[in-house]
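Reviewing the structure listed below.
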Protein chains: 2
Amino acid sequence: MNKIVECVVNFSEGRNKEVIESITSPFRQRDGVKLLNVEADGDYHRVVVTVAGDPQAIKEVVVDSVEIATRLIDMNLHHGQHPRMGATDVVPFIPIRNMTMAECVSLAKEVGQMIAQRTQVPVFLYEAAATASHRENLADIRKGEYEGMAKKMTEERWKPDFGPDQPHPSAGVTAVGARMPLIAYNIDLATTDVSIANKIAKAIRHSSGGFRYIKAGGVEAKERGLVQVTMNITDYTKTPIYRVFEAVKMEAMRYGVAVCGSEIVGLVPMEAILESASYYLRFTNVDKEKILENNLEGLI
Amino acid sequence: MNKIVECVVNFSEGRNKEVIESITSPFRQRDGVKLLNVEADGDYHRVVVTVAGDPQAIKEVVVDSVEIATRLIDMNLHHGQHPRMGATDVVPFIPIRNMTMAECVSLAKEVGQMIAQRTQVPVFLYEAAATASHRENLADIRKGEYEGMAKKMTEERWKPDFGPDQPHPSAGVTAVGARMPLIAYNIDLATTDVSIANKIAKAIRHSSGGFRYIKAGGVEAKERGLVQVTMNITDYTKTPIYRVFEAVKMEAMRYGVAVCGSEIVGLVPMEAILESASYYLRFTNVDKEKILENNLEGLI
């Protein structure tokens, strides 16, 4: 059985299609690598690129792609709704098939070192790959964002794991890590008042008393004329989608605001969708084995 | 790309594990054939067996399995909640991959002829394989059930397509057909009054004014101390699961009865689950391509 690793790279460009095309081109041309999803958002000014495949092949194309992003994105000109600190903002490796977390950590360290060598962008290792506990949480590393990094990095505890002690003059810094699959999930609120999204985010996220596996913030989605509660569900088996959706609905009611949609950024494991369908339809006997497509392995 | 056909055989035995094991044994031993699901129900006294694979291989093992069922099941001793007319009640072929409906019809005709020759059980072709319009609908063929077949088959219009003009003395008759994928779906009502399930079934099914793609009836699930609305959703892209679930909930309210669960019999296509999750979670951007597992083809 072959090994498959997934990598979900966030680049700070969500508007210029040619730039996105260039950055993702290394993922289109390599045997053993499959480009699964490219999701650009103009308001967030960010593209989320999901690739999967053979670990050795993935390693090389990810570094190629980061090199292109370093050349093409100038963070001094970047303004978007989503917090960010670098042209290549974050590079997590996720075990999908016949991979251990330890193997993903090794891969993250190799890739981090290669990025620093080839681009002179400083790299912080995070989550399972972190080299100190205060650097496990991506939000802590990213705090201060691109504009605050030069000052932050003068502190001893914010020296990078690889590369120079100061941010790259146009590409900032990059976090490379290893983690379990997460779901990037946004809920739309039918209002333009971002303070309501912020208050709801505060109610549901772990850091301020909410669900154990939710990170959340409020953002404006100006193109669409609404605001969003933007979330990472870091363990969907323990904080399922439907539960956080219903909690957001309940909190939104307090402000007389409707929940008018929700979206997944990147990809979602089938079990997370099934778990939510099972809640609403009150399924008593439906698990992954009952999904037709899950049973065709060996025949196709 | 190889051809894959699915076959969902219904046998009239839901209680005796050894008999079910014998009947399904031909599906376990053949290259190119995969036994996807075996679902026995004691109240219904029926087992639904889902297999898929190469059409030529499937053809042979299905006939082998029907031969065993003919030997082991005596319909004279059969009493269950679900309408039935034969030891092997119904054998539909469903196109899954690189198969046309016309190919499934040919396969149904071949298999029907082989069953009649090898077991002396009369065979009716139904749905896309039917040879007359009054024999397209399975429920019309099955009307009168096992006990009424001898009399029914004296009529010219109920002469079988293959085999003798009278039911087999212990195995009754069998319907063999070709159809699109359907979802066998049951909704649990927290009552033992089957008349309520019957009234709700009547409200939602096509034949009495309900949804275009719903066939439904009421049954008792005595083992579980409740009743069910038992359904076939014959086109889930046009009558989705959530819509019929919500309609049943709404009708049940009229009798002060709670909907306490629902179940899928056999397998369900991923898109049907996703469509229901999308309704409840108000997804704005989630389609089949966003499911991680759907994107790994070529890598695994």
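Residue numbers start at 1 in each chain; chains themselves are named A, B, ... in the order of the structure tokens; ligands are numbered from 1 in the order shown.
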
- Message: For a quick test of understanding: name the residues of chain A lying within 8 Å of chain B when counting only C-alpha atoms, and present them as a VMD selection string.
- Response: chain A and resid 2 4 32 to 34 36 to 37 52 to 53 242 245 260 to 264 266 to 270 273 to 274 276 to 277 280 to 286 290 to 293 295 to 296 299 to 300

- Contacts of stretch 122-137 of chain B within 6 Å, only C-alpha atoms, excl. fewer than 6 positions in-chain, as a list in words: Val105, Gly112, Ala116, Pro160, Asp161, Phe162, Gly163, Pro164, Val173, Thr174, Ala175, Val176, Gly177, Ala178 and Arg179 of chain B

- Please identify which residues in stretch 35-256 of chain A DSSP calls helix (DSSP H, G or I) from the backbone, and express them as a count of residues only. 89

- If you count only C-alpha atoms, which residues fall within 12 Å of A:Asp64, apart from same-chain ones fewer than 3 positions away, as a list in words?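 Close residues of A:Asp64: Ser22, Ile23, Thr24, Ser25, Pro26, Phe27, Arg28, Gln29, Arg30, Ala57, Ile58, Lys59, Glu60, Val61, Glu67, Ile68, Ala69, Thr70, Arg71, Thr88, Val111, Met114, Ile115, Arg118 and Thr119 of chain A.
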
- Message: Just want the 10 Å neighbourhood of B:Arg212, counted on only C-alpha atoms, with same-chain residues fewer than 5 positions away dropped. Output as a list in words.
- Response: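 My list of contacting residues is Ile204, Arg205, His206, Ser207, Ile233, Thr234, Asp235, Lys238 and Thr239 of chain B.
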
- Query: From the set B:Ala190, B:Ile196, B:Val8, B:Val49, which residue has the shortest atom-to-atom contact distance to B:Glu21, counting only C-alpha atoms?
  - Reply: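 Checking each of B:Ala190, B:Ile196, B:Val8, B:Val49 against B:Glu21, counting only C-alpha atoms, the winner is B:Val49.
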
- Message: With only C-alpha atoms as the counted atoms, please give the residues lying no more than 6 Å from stretch 76-85 of chain B, apart from itself and same-chain residues fewer than 3 positions off, as a ChimeraX atom specification.
- Response: /B:43-45,89,142,145-146,172-173

- Message: Taking only stretch 211-295 of chain B into account, list the residues labelled strand (DSSP E) by DSSP (computed from the backbone), as a PyMOL selection string.
- Response: chain B and resi 214-221+226-233+259-265

How would the residues just picked look written out with N, CA and C atoms as an mmCIF file, in the first residue's frame?
```cif
data_model
loop_
_atom_site.group_PDB
_atom_site.id
_atom_site.type_symbol
_atom_site.label_atom_id
_atom_site.label_comp_id
_atom_site.auth_asym_id
_atom_site.auth_seq_id
_atom_site.Cartn_x
_atom_site.Cartn_y
_atom_site.Cartn_z
ATOM 1 N N ILE B 214 -41.590 8.665 -4.913
ATOM 2 C CA ILE B 214 -41.700 7.899 -3.669
ATOM 3 C C ILE B 214 -42.739 6.789 -3.803
ATOM 4 N N LYS B 215 -42.299 5.567 -3.448
ATOM 5 C CA LYS B 215 -43.218 4.458 -3.200
ATOM 6 C C LYS B 215 -43.166 4.207 -1.715
ATOM 7 N N ALA B 216 -44.306 4.010 -1.069
ATOM 8 C CA ALA B 216 -44.267 3.888 0.392
ATOM 9 C C ALA B 216 -45.389 3.013 0.913
ATOM 10 N N GLY B 217 -45.157 2.430 2.081
ATOM 11 C CA GLY B 217 -46.164 1.654 2.787
ATOM 12 C C GLY B 217 -45.877 1.726 4.280
ATOM 13 N N GLY B 218 -46.830 1.267 5.091
ATOM 14 C CA GLY B 218 -46.585 1.205 6.534
ATOM 15 C C GLY B 218 -46.288 -0.226 6.941
ATOM 16 N N VAL B 219 -45.370 -0.429 7.848
ATOM 17 C CA VAL B 219 -45.072 -1.780 8.362
ATOM 18 C C VAL B 219 -44.811 -1.718 9.864
ATOM 19 N N GLU B 220 -45.030 -2.859 10.514
ATOM 20 C CA GLU B 220 -44.678 -2.977 11.925
ATOM 21 C C GLU B 220 -43.236 -3.469 12.059
ATOM 22 N N ALA B 221 -42.479 -2.857 12.950
ATOM 23 C CA ALA B 221 -41.138 -3.370 13.284
ATOM 24 C C ALA B 221 -41.241 -3.880 14.715
ATOM 25 N N LEU B 226 -41.946 -0.547 17.327
ATOM 26 C CA LEU B 226 -42.393 0.670 16.654
ATOM 27 C C LEU B 226 -42.933 0.338 15.266
ATOM 28 N N VAL B 227 -43.365 1.353 14.543
ATOM 29 C CA VAL B 227 -43.795 1.135 13.157
ATOM 30 C C VAL B 227 -42.919 1.995 12.247
ATOM 31 N N GLN B 228 -42.941 1.629 10.964
ATOM 32 C CA GLN B 228 -42.119 2.367 10.001
ATOM 33 C C GLN B 228 -42.928 2.760 8.772
ATOM 34 N N VAL B 229 -42.562 3.899 8.212
ATOM 35 C CA VAL B 229 -42.939 4.201 6.841
ATOM 36 C C VAL B 229 -41.788 3.675 5.999
ATOM 37 N N THR B 230 -42.044 2.637 5.210
ATOM 38 C CA THR B 230 -40.987 2.031 4.399
ATOM 39 C C THR B 230 -41.116 2.545 2.973
ATOM 40 N N MET B 231 -39.985 2.970 2.413
ATOM 41 C CA MET B 231 -40.023 3.674 1.129
ATOM 42 C C MET B 231 -38.978 3.198 0.156
ATOM 43 N N ASN B 232 -39.277 3.359 -1.117
ATOM 44 C CA ASN B 232 -38.256 3.417 -2.145
ATOM 45 C C ASN B 232 -38.252 4.831 -2.715
ATOM 46 N N ILE B 233 -37.068 5.434 -2.732
ATOM 47 C CA ILE B 233 -36.910 6.711 -3.420
ATOM 48 C C ILE B 233 -36.333 6.363 -4.785
ATOM 49 N N VAL B 259 -41.051 11.259 15.171
ATOM 50 C CA VAL B 259 -40.161 10.535 14.254
ATOM 51 C C VAL B 259 -38.884 10.272 15.040
ATOM 52 N N CYS B 260 -38.611 8.988 15.343
ATOM 53 C CA CYS B 260 -37.510 8.714 16.273
ATOM 54 C C CYS B 260 -36.291 8.113 15.584
ATOM 55 N N GLY B 261 -36.305 8.038 14.261
ATOM 56 C CA GLY B 261 -35.118 7.532 13.576
ATOM 57 C C GLY B 261 -35.399 7.316 12.108
ATOM 58 N N SER B 262 -34.350 7.005 11.368
ATOM 59 C CA SER B 262 -34.535 6.583 9.983
ATOM 60 C C SER B 262 -33.362 5.704 9.592
ATOM 61 N N GLU B 263 -33.554 4.888 8.577
ATOM 62 C CA GLU B 263 -32.481 3.966 8.187
ATOM 63 C C GLU B 263 -32.458 3.770 6.689
ATOM 64 N N ILE B 264 -31.263 3.487 6.197
ATOM 65 C CA ILE B 264 -31.056 3.153 4.799
ATOM 66 C C ILE B 264 -30.897 1.636 4.709
ATOM 67 N N VAL B 265 -31.625 0.995 3.810
ATOM 68 C CA VAL B 265 -31.436 -0.439 3.593
ATOM 69 C C VAL B 265 -30.525 -0.601 2.376
#
```

- Can you tell me, as a PyMOL selection string, what residues are no more than 7 Å from stretch 11-16 of chain A when counting only C-alpha atoms, ignoring any on the same chain fewer than 2 positions away? chain A and resi 9+18-20+40-42+44-48+86-89

- d(atom CA of A:Gly210, atom CA of A:Arg224) in Å: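 Separation of atom CA of A:Gly210 and atom CA of A:Arg224: 27.5 Å.
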
- Message: Given only C-alpha atoms as the basis, pick out the residue of B:Val257, B:Cys7, B:Met75, B:Val62 nearest to B:Val194.
- Response: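 Closest candidate: B:Val257.
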